[in-house]
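Q: Here you go, one structure.
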Amino acid sequence: MIKTELLIIGAGPAGLCAAISAAEAGTEVLVVERSPRIGGQLIKQTHMFFGSERQYASTRGIDIAGILMDKLTKYGDRVRILTETTVLGIYEDGMVTALHREDDYFKIRPNAIVVATGASEKALAFPNNDLPGIYGAGAVQTLMNVYGVKPGDRVLMVGAGNIGLIVSYQLMQAGVEVAAILDAAPKIGGYLVHAAKVRRMGVPIMTSHTVKAAMGKDSLEQVVICMVDDRFRPIEGTEQTIDCDVCCISVGLTPLGELLAMAGCEMKYIPQLSGTVPMRNADYQTTVPNIFAAGDVTGIEEASSAMVEGYLAGLCAAKHTGHTHTEYENKRADYIAQLSQLRGGPVGKRILDGIAQQLN
Amino acid sequence: MSMELLEKTGIPTDDMIRSAFPPVERINRGRVAVAECYQNIPCNPCQSSCGFSAITVGEDINNTPKVTFDKCVGCGACLTKCPGLAIMLVDGRNEDCIEFSIPYELLPLPEVGETVDALDRSGEYVTEAEVTQVLNQKGFDRTPIVRFRVPREHLYTVRNIRLRRGS
């Protein structure tokens with residue numbers, strides 16, 4: 001059994017920032033990450049970040065992972081990182097069980113926990129959606145940017161949110177043709193600068209369009225698409241067939257809150273936050289006093305917000321373990337101000353509506 | 001200004017494009033930044049990258065950037081810092097043509113003197129362009145800048161290039 005003052009589950013942008021923040025306050029931290037590499041989704045994000053300098057704007061996600069790691073190593077022995085380790089459960093008595101690689105099961109006894117497990121991609125139901133060649137957009141981004149594998153020759157992207165737009169751009173950078181980007185919504189959901197960027201490379205963005213069916217013998221060969229009306233019902237007679245060997249589904253993410261639910265945290269389905277999320281207070285503390293949460297698991301947003309949430313949750317979790325940062329009040333106020341700045345525009349309005357239902 | 005077309009297709013309207021451009025007299029004096037950032041999103045590296053205080057986003061980082069064209073010296077620092085690749089430079093010192101400077105993140109990079117296709121904001125072919133300079137300094141952090149010339153009449157239509165060599 002490993003004892004630790006603070007256990008951080010997930011080494012993505014939120015988890016890493018929580019670890020930095022807590023270690024800086026003097027807390028002994030154990031970070032557990034199921035992947036072989038730390039950084040979460042950052043390790044495949046070859047694009048520059050938005051936001052302000054405070055959230056590493058203009059820096060590429062792949063480089064932010066390195067920056068955060070360098071900050072963490074500054075704290076030496078105070079921070080331990082276990083990769084290839086999956087947390088299996090958080091029990092009523094506070095005990096956590098974990099699995100390292102294939103068969104090394106062990107227990108962790110933390111005084112407090114920050115859950116930063118992130119999110120998973122949503123699926124889309126249509127006939128033959130199990131044909132080889134149909135991927136989540138995140139999976140394609142991992143294949144290309146982490147493993148250097150070209151997913152196919154001609155891609156149909158389903159979803160014009162930021163992930164759909166960015167992955168389309170990165171596919172073209174990898175020399176893959178993008179046939180079109182569809183979105184069932186009447187408007188492009190992602191940043192319009194991303195949309196303009198792929199559009200001027202010649203990729204049509206077809207709003208009010210959806211997938212009707214996929215076709216192919218052994219793997220994907222064609223996708224039939226059609227227009228939808230303002231209630232997302234397919235419009236007869238608008239079908240078109242698109243030749244492609246890859247179809248990327250990028251219809252949103254949903255929070256991975258199972259561990260929080262298991263630990264007894266009060267959970268709530270909040271559509272604006274894209275799924276079932278923990279109830280929390282302004283310090284990102286859940287209804288179980290020693291469990292905090294940060295990043296996409298608390299509601300789907302940009303990685304810039306996830307990092308600031310991580311810093312805030314780490315600071316507050318450190319205080320909970322008895323390590324109050326000497327600059328606690330100032331730092332807390334600064335993180336809260338950064339978050340309200342990031343959520344201050346029209347894009348953030350929906351998130352703020354969701355958070356209003358989540359705060360307790 | 002209607003955002004509808006941009007929100008549906010990713011293509012801004014002619015009115016929006018012209019509203020982002022400096023007066024022709026300024027363009028004729030030399031390189032100047034055009035920031036095509038029409039949506040309120042939380043982002044301000046253009047402002048922090050400008051050493052001449054020529055781009056203002058302001059206290060609320062959700063504001064769209066405003067370029068003060070008379071302060072802009074056309075250095076292009078903002079081009080490689082804008083995460084949306086939404087900024088370019090235009091230069092009208094030569095009376096027959098316009099030289100564009102755009103961030104260009106594709107390989108292979110074009111070569112100086114190479115003839116490429118100039119594209120509009122929907123990726124359609126507009127005219128032939130001649131590449132005049134390719135910059136790829138370390139500080140650009142893997143966002144090279146390509147400069148190319150097209151006939152002056154395409155000032156408001158050209159926005160991208162495509163190499164003619166098979167990729």
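Labels used: A, B, ... for chains in the order of the structure tokens, numbers from 1 for residues in each chain, and numbers from 1 for ligands as shown.
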May I have the residues within 7 Å of stretch 252-260 of chain A as a list in words, using only C-alpha atoms and disregarding those fewer than 3 positions away in the same chain?
A: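 Near stretch 252-260 of chain A, the qualifying residues are Gly89, Ile90, Thr117, Gly118, Ala119, Ser120, Glu121, Lys122, Ala263, Gly264, Cys265, Ser274, Gly275, Thr276, Val277, Asp296, Val297, Thr298, Gly299 and Ile300 of chain A.
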Q: Restricted to N, CA and C atoms, what would the selected residues look like written as a short mmCIF file (atom, residue, chain, number, x, y, z; two decimals), in the first residue's frame?
A:
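Written output follows (result.cif):
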data_model
loop_
_atom_site.label_atom_id
_atom_site.label_comp_id
_atom_site.auth_asym_id
_atom_site.auth_seq_id
_atom_site.Cartn_x
_atom_site.Cartn_y
_atom_site.Cartn_z
N GLY A 89 -10.88 2.00 -8.43
CA GLY A 89 -11.99 2.35 -7.56
C GLY A 89 -11.58 3.23 -6.40
N ILE A 90 -12.56 4.00 -5.93
CA ILE A 90 -12.36 4.78 -4.70
C ILE A 90 -13.45 4.28 -3.74
N THR A 117 -9.78 13.13 -14.49
CA THR A 117 -9.83 12.00 -15.44
C THR A 117 -10.22 12.42 -16.85
N GLY A 118 -10.66 13.67 -17.02
CA GLY A 118 -10.94 14.15 -18.37
C GLY A 118 -12.27 13.68 -18.93
N ALA A 119 -12.26 13.31 -20.20
CA ALA A 119 -13.51 13.04 -20.90
C ALA A 119 -13.31 11.94 -21.93
N SER A 120 -14.42 11.45 -22.47
CA SER A 120 -14.33 10.51 -23.59
C SER A 120 -15.16 11.04 -24.74
N GLU A 121 -14.88 10.53 -25.93
CA GLU A 121 -15.60 11.00 -27.11
C GLU A 121 -16.98 10.38 -27.20
N LYS A 122 -17.94 11.16 -27.64
CA LYS A 122 -19.30 10.64 -27.84
C LYS A 122 -19.35 9.89 -29.18
N ALA A 263 -17.22 7.09 -5.55
CA ALA A 263 -16.75 7.58 -4.26
C ALA A 263 -17.89 8.23 -3.46
N GLY A 264 -19.06 8.36 -4.09
CA GLY A 264 -20.20 8.91 -3.37
C GLY A 264 -20.40 10.40 -3.56
N CYS A 265 -19.66 11.01 -4.48
CA CYS A 265 -19.85 12.44 -4.75
C CYS A 265 -21.23 12.62 -5.39
N SER A 274 -22.06 19.16 -20.79
CA SER A 274 -21.91 18.00 -21.67
C SER A 274 -22.01 16.64 -21.01
N GLY A 275 -22.66 16.56 -19.84
CA GLY A 275 -22.86 15.24 -19.26
C GLY A 275 -23.06 15.28 -17.76
N THR A 276 -22.81 14.13 -17.14
CA THR A 276 -22.99 13.99 -15.69
C THR A 276 -21.71 14.44 -15.00
N VAL A 277 -21.86 15.46 -14.17
CA VAL A 277 -20.69 16.10 -13.54
C VAL A 277 -20.87 16.14 -12.03
N ASP A 296 -11.94 18.57 -17.59
CA ASP A 296 -13.13 18.16 -18.32
C ASP A 296 -14.08 17.28 -17.50
N VAL A 297 -13.59 16.59 -16.47
CA VAL A 297 -14.48 15.75 -15.66
C VAL A 297 -15.53 16.62 -14.94
N THR A 298 -15.23 17.90 -14.77
CA THR A 298 -16.20 18.80 -14.12
C THR A 298 -17.09 19.51 -15.14
N GLY A 299 -16.87 19.25 -16.43
CA GLY A 299 -17.63 19.92 -17.49
C GLY A 299 -16.69 20.18 -18.65
N ILE A 300 -17.18 19.95 -19.89
CA ILE A 300 -16.29 20.05 -21.06
C ILE A 300 -16.00 21.51 -21.41
#
Q: Select residues of chain B: the criterion is any atom within 9 Å of an atom of chain A, counting only C-alpha atoms; output as an MDAnalysis selection string.
A: chainID B and resid 4 6:12 36:45 48 60:63 80:86 105:107 119:124 141 159:162 167
Q: Can you list, as a PyMOL selection string, every protein, DNA or RNA residue that comes within 7 Å of B:Asn136 when you count only C-alpha atoms, leaving out same-chain residues fewer than 3 positions away?
A: chain B and resi 140+144-145
Q: I'd like the neighbourhood of A:Val96 as an MDAnalysis selection string, where a residue qualifies if any of its atoms comes within 12 Å (using only C-alpha atoms), though same-chain residues fewer than 4 positions away should be ignored.
A: chainID A and resid 1:4 6:9 32 86:92 105:113 115 259:260 262:263 291
Q: Give me, as a ChimeraX atom specification, the residues of stretch 95-131 of chain B that a backbone DSSP run labels strand (DSSP E).
A: /B:97-103,115-119,125-131
Q: Excluding A:Gly136 and any residue of its chain fewer than 2 positions from it, enumerate the residues within 10 Å of it, using only C-alpha atoms, and give them as a PyMOL selection string.
A: chain A and resi 120-124+133-134+138-141+157-158+164+247-252
Q: For the atom pair atom CA of B:Gly92 and atom CA of B:Arg29, what is the interatomic distance in Å to one decimal place?
A: 6.8 Å
